[in-house]
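Asker: Below you'll find the structure I mean.
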Amino acid sequence: METSKEQASVDYADFKEKVKRTIYIDQLSPQVTAQVIKAALAQCANVVNVEFIVNYTIPYDIPSAALVELDNDMQAKAAVELMTDFPFIIGGMPRPVKATHAKAEMFQDRPPCPGLKKDFRWIKQGDDGYETMKNLKTLAKWQESENMVLIKNLLDEEKELANQQQEALDGNCMKYGMLETVMQNGAIKTLAHRYGVSLDG
């Protein structure tokens, strides 16, 4: 028993160190992947692991937040300061992401705190706190409905942005293709001669 308690203390201490070197990033584009986050933070930190936070209150698989573990707490501090001091865009989202230091309760796999005892009980009508819990449940349902509207607007916004970016990309590819064709068939030399432009250095 004593060994298991000691191991629990060690595990929780390791977990607290993990929390210190992890940051929480919010307002992510649904199109963002772990690789995109790693590339975006490469200038100030080395990403060890990315864990997207699933929103179970909506019927869409669109994680908009993530826990990002870095090499150490100094990198975590630098990353949070970078995204706080400057508009930081990840994945083409038209608004900057937000970053804060992670907290223990954000982790689904967090180990139990040694020595902490939790008691649970069902609350029924007439119990102390019943009306408060009932009001909180009503408020949660109202917030869920409001959240659904915001999510739908976000998806529409993302779709429009993706279309605009694709159109711009296709346009640029077409321009470069035309320029390359002109260079290959020698027309550029004819035009340069006609307008008296030298192509040398």
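Residue numbering restarts at 1 in every chain; chains get A, B, ... in the order shown in the structure tokens, and ligands count up from 1 in that same order.
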I'd like the neighbourhood of stretch 48-55 of chain A as a PyMOL selection string, where a residue qualifies if any of its atoms comes within 7 Å (using only C-alpha atoms), though same-chain residues fewer than 5 positions away should be ignored.

Answerer: chain A and resi 34+63+65-71

Asker: In stretch 23-186 of chain A, what's strand (DSSP E) per DSSP? Answer as a list in words?

Answerer: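 Restricting stretch 23-186 of chain A to strand (DSSP E) produces Ile23, Tyr24, Ile25, Asp26, Val47, Val48, Asn49, Val50, Glu51, Phe52, Ala66, Leu67, Val68, Glu69, Leu70, Lys98, Ala99, Thr100 and His101 of chain A.
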
Asker: Separation of atom CA of A:Leu150 and atom CA of A:Ile90, in Å?

Answerer: 19.7 Å

Asker: State, in Å with one decimal place, the distance from atom CA of A:Asp26 to atom CA of A:Lys98.

Answerer: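 Computing the Euclidean distance for atom CA of A:Asp26 and atom CA of A:Lys98 yields 5.1 Å.
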
Asker: Please provide the set of residues having any atom within 12 Å of A:Lys124, restricted to only C-alpha atoms, with same-chain residues fewer than 5 positions apart removed, written as a list in words.

Answerer: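 The neighbour list is Gly129, Tyr130, Glu131, Thr132, Met133 and Lys134 of chain A.
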
Asker: Go through A:Asp109, A:Ser64, A:Ala78, A:Pro114 and flag the residue nearest A:Ser9, using only C-alpha atoms for the distances.

Answerer: A:Pro114

Asker: Please give the complete set of residues from stretch 5-199 of chain A that DSSP, run on the backbone, assigns to helix (DSSP H, G or I), formatted as a compact mmCIF listing (two decimals) with C-alpha atoms, in the first residue's frame.

Answerer:
# COMPACT_ATOMS: atom_id res chain seq x y z
CA LYS A 5 0.96 5.75 -2.49
CA GLU A 6 4.55 6.67 -3.24
CA GLN A 7 4.06 5.82 -6.92
CA ALA A 8 0.87 7.91 -7.00
CA SER A 9 2.81 10.86 -5.59
CA VAL A 10 5.55 10.41 -8.19
CA ASP A 11 3.01 10.14 -11.02
CA TYR A 12 1.21 13.28 -9.88
CA ALA A 13 4.48 15.19 -9.57
CA ASP A 14 5.38 14.19 -13.14
CA PHE A 15 1.93 15.28 -14.27
CA LYS A 16 2.35 18.72 -12.65
CA GLU A 17 5.62 19.17 -14.56
CA LYS A 18 3.78 18.24 -17.77
CA VAL A 19 1.14 20.87 -17.02
CA LYS A 20 3.86 23.53 -16.62
CA ALA A 34 -1.11 18.77 -35.29
CA GLN A 35 1.47 19.31 -38.04
CA VAL A 36 0.15 22.81 -38.70
CA ILE A 37 0.50 23.70 -35.00
CA LYS A 38 4.03 22.27 -34.88
CA ALA A 39 5.06 24.34 -37.91
CA ALA A 40 3.44 27.50 -36.51
CA LEU A 41 5.25 27.23 -33.16
CA ASP A 73 8.14 25.51 -19.22
CA MET A 74 10.40 28.23 -20.67
CA GLN A 75 9.21 27.40 -24.17
CA ALA A 76 5.63 27.39 -22.88
CA LYS A 77 6.11 30.88 -21.44
CA ALA A 78 7.68 32.14 -24.68
CA ALA A 79 4.85 30.70 -26.79
CA VAL A 80 2.13 32.25 -24.64
CA GLU A 81 3.89 35.64 -24.66
CA LEU A 82 4.29 35.48 -28.46
CA MET A 83 0.60 34.78 -29.03
CA THR A 84 -0.43 37.38 -26.46
CA ASP A 85 1.77 40.22 -27.69
CA ALA A 104 -4.55 20.48 -14.47
CA GLU A 105 -8.33 20.20 -14.88
CA MET A 106 -7.98 20.55 -18.67
CA TYR A 130 -31.56 21.50 -5.98
CA GLU A 131 -32.94 24.79 -7.32
CA THR A 132 -29.43 26.06 -8.02
CA MET A 133 -28.55 22.95 -9.99
CA LYS A 134 -31.86 23.14 -11.87
CA ASN A 135 -31.11 26.75 -12.87
CA LEU A 136 -27.61 25.77 -13.97
CA LYS A 137 -29.04 22.98 -16.12
CA THR A 138 -31.44 25.43 -17.80
CA LEU A 139 -28.60 27.89 -18.34
CA ALA A 140 -26.44 25.13 -19.87
CA LYS A 141 -29.20 24.25 -22.36
CA TRP A 142 -29.58 27.91 -23.34
CA GLN A 143 -25.82 28.26 -23.82
CA GLU A 144 -25.77 25.08 -25.91
CA SER A 145 -28.37 26.55 -28.30
CA GLU A 146 -26.40 29.78 -28.56
CA ASN A 147 -23.19 27.82 -29.10
CA MET A 148 -24.75 25.89 -31.99
CA VAL A 149 -25.54 29.15 -33.79
CA LEU A 150 -21.97 30.38 -33.29
CA ILE A 151 -20.54 27.07 -34.52
CA LYS A 152 -22.68 27.19 -37.68
CA ASN A 153 -21.48 30.74 -38.38
CA LEU A 154 -17.90 29.60 -37.81
CA LEU A 155 -18.26 26.74 -40.29
CA ASP A 156 -19.80 29.04 -42.91
CA GLU A 157 -17.00 31.54 -42.35
CA GLU A 158 -14.36 28.82 -42.68
CA LYS A 159 -15.90 27.52 -45.88
CA GLU A 160 -15.98 31.00 -47.44
CA LEU A 161 -12.39 31.67 -46.38
CA ALA A 162 -11.21 28.34 -47.81
CA ASN A 163 -12.91 29.14 -51.13
CA GLN A 164 -11.27 32.57 -51.26
CA GLN A 165 -7.85 31.11 -50.50
CA GLN A 166 -8.31 28.41 -53.14
CA GLU A 167 -9.34 30.98 -55.75
CA ALA A 168 -6.28 33.09 -54.95
CA LEU A 169 -4.04 30.01 -55.15
CA ASP A 170 -5.55 28.93 -58.48
CA GLY A 171 -5.12 32.46 -59.86
CA ASN A 172 -1.46 32.61 -58.84
CA CYS A 173 -0.80 29.16 -60.31
CA MET A 174 -2.34 30.28 -63.60
CA LYS A 175 -0.20 33.43 -63.68
CA TYR A 176 3.00 31.49 -63.01
CA GLY A 177 2.01 28.95 -65.64
CA MET A 178 1.50 31.69 -68.23
CA LEU A 179 4.88 33.25 -67.36
CA GLU A 180 6.64 29.91 -67.67
CA THR A 181 4.99 29.27 -71.04
CA VAL A 182 6.12 32.67 -72.29
CA MET A 183 9.68 32.00 -71.11
CA GLN A 184 9.81 28.56 -72.72
CA ALA A 187 8.11 35.08 -76.71
CA ILE A 188 9.80 36.97 -73.88
CA LYS A 189 12.81 37.66 -76.08
CA THR A 190 10.58 39.01 -78.85
CA LEU A 191 8.81 41.30 -76.41
CA ALA A 192 12.10 42.46 -74.90
CA HIS A 193 13.50 43.27 -78.34
CA ARG A 194 10.33 45.12 -79.32

Asker: Compare A:Val32, A:Gln27, A:Ser198, A:Arg21 by their minimum atom-to-atom distance to A:Val97, counting only C-alpha atoms, and give me the closest one.

Answerer: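 Smallest separation from A:Val97 among the options: A:Gln27.
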
Asker: To one decimal in Å, tell me the separation between atom CA of A:Arg110 and atom CA of A:Ser29.

Answerer: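 These atoms are spaced 26.1 Å apart.
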
Asker: Taking into account only C-alpha atoms, which residue in the set A:Val47, A:Lys117, A:Gln31, A:Ile25 is nearest to A:Pro96?

Answerer: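 Going through A:Val47, A:Lys117, A:Gln31, A:Ile25 one by one, the smallest distance to A:Pro96 is for A:Ile25.
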